[in-house]
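Engineer: The structure under discussion is supplied below as structure tokens; questions concerning it will follow.
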Amino acid sequence: MVKTHGYRNTVFIAGGPDNSFSQERLNVYKKVLEEEGILYNEDNVYYGYFWEGPTVTAMERMFAKVEQGMDLPEAIICANDVMALAVISFLVGALLYFHKYKRNKVKSVFSKNVGKVLVDKDINSKRRK
């Protein structure tokens, strides 16, 4: 994410704090941050326990912090595909909610960032054809 996209403000959704596979993936995340000169911030690590429900809870916690002033991350990195799909579902739902009901900074930043991703994906899919 850092080298390819230049993202420096990231969140990591790990499995569980006592799971060896989760710790292995978290250690790789920490190593990449260190190699890129980015300070590791424990507050940017959430635990999804490799399942959808806990991942949604983790996203709710992250958004509570965003509403309290934390910068919206540029990327959310997940330790497995199930959690990645849960994050995508959560973000699509949040985008629809914020677009329809909220008129604040979170809505505008969130909409711009998600909109950019959608446009980039559309451009990239056209290049492959």
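By convention in this document, the chains of the structure tokens carry letters A, B, ... by their order, each chain's residues are numbered from 1, and ligands are numbered from 1 in the order they are shown.
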What's the 9 Å shell around region 23-27 of chain A, counting only C-alpha atoms, without same-chain residues fewer than 3 positions away, as an NGL selection string?

Structural biologist: :A and (12-20 or 30-32 or 45 or 79)

Engineer: Excluding region 67-73 of chain A and residues on its chain fewer than 5 positions from it, collect all residues at most 7 Å away from it, counting only C-alpha atoms, and give them as a ChimeraX atom specification.

Structural biologist: /A:9-11

Engineer: Please produce a file of those selected residues containing all heavy atoms, as a compact mmCIF listing (two decimals), in the first residue's frame.

Structural biologist:
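Resulting contents of part-v2.txt:
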```txt
# COMPACT_ATOMS: atom_id res chain seq x y z
N ASN A 9 -1.30 6.75 6.03
CA ASN A 9 -2.24 6.71 7.15
C ASN A 9 -3.15 5.50 6.95
O ASN A 9 -4.14 5.57 6.23
CB ASN A 9 -3.05 8.00 7.21
CG ASN A 9 -4.08 7.98 8.31
OD1 ASN A 9 -4.00 7.18 9.25
ND2 ASN A 9 -5.07 8.84 8.20
N THR A 10 -2.78 4.39 7.57
CA THR A 10 -3.51 3.15 7.36
C THR A 10 -4.02 2.58 8.68
O THR A 10 -3.54 2.93 9.75
CB THR A 10 -2.62 2.08 6.68
OG1 THR A 10 -1.50 1.80 7.53
CG2 THR A 10 -2.13 2.55 5.32
N VAL A 11 -4.99 1.71 8.54
CA VAL A 11 -5.54 0.95 9.67
C VAL A 11 -5.35 -0.51 9.34
O VAL A 11 -5.46 -0.92 8.18
CB VAL A 11 -7.04 1.29 9.85
CG1 VAL A 11 -7.75 0.26 10.70
CG2 VAL A 11 -7.20 2.68 10.45
```

Engineer: Under the rule that only C-alpha atoms are counted, which of A:Thr55, A:Met1, A:Arg61, A:Asn80 is the nearest residue to Phe21 (chain A)?

Structural biologist: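 Result for the nearest residue to Phe21 (chain A): A:Asn80.
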
Engineer: So what do you get for CA of Ile38 (chain A) versus CA of Ala58 (chain A), distance-wise?

Structural biologist: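 Computing it gives 22.4 Å between the two atoms.
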
Engineer: Calculate how many Å separate CA of Ile76 (chain A) from CA of Lys100 (chain A), rounding to one decimal.

Structural biologist: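 So the answer is 23.4 Å.
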
Engineer: Extract the full set of alpha helix (DSSP H) residues from region 51-101 of chain A according to DSSP on the backbone, and format it as a PyMOL selection string.

Structural biologist: chain A and resi 52-67+81-101

Engineer: Taking only C-alpha atoms into account, name the residue in A:Val2, A:Asn44, A:Ser22, A:Leu85 that is nearest to Lys65 (chain A).

Structural biologist: A:Asn44

Engineer: Please determine, counting only C-alpha atoms, which residue among A:Tyr46, A:Pro54, A:Glu34, A:Tyr40 has the shortest atom-to-atom distance to Ile77 (chain A).

Structural biologist: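 Among the listed residues, the smallest separation from Ile77 (chain A) belongs to A:Tyr46.
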
Engineer: Considering only C-alpha atoms, state which residue in the set A:Glu60, A:Glu36, A:Val87, A:Gly93 is at the smallest distance from Thr4 (chain A).

Structural biologist: A:Glu36
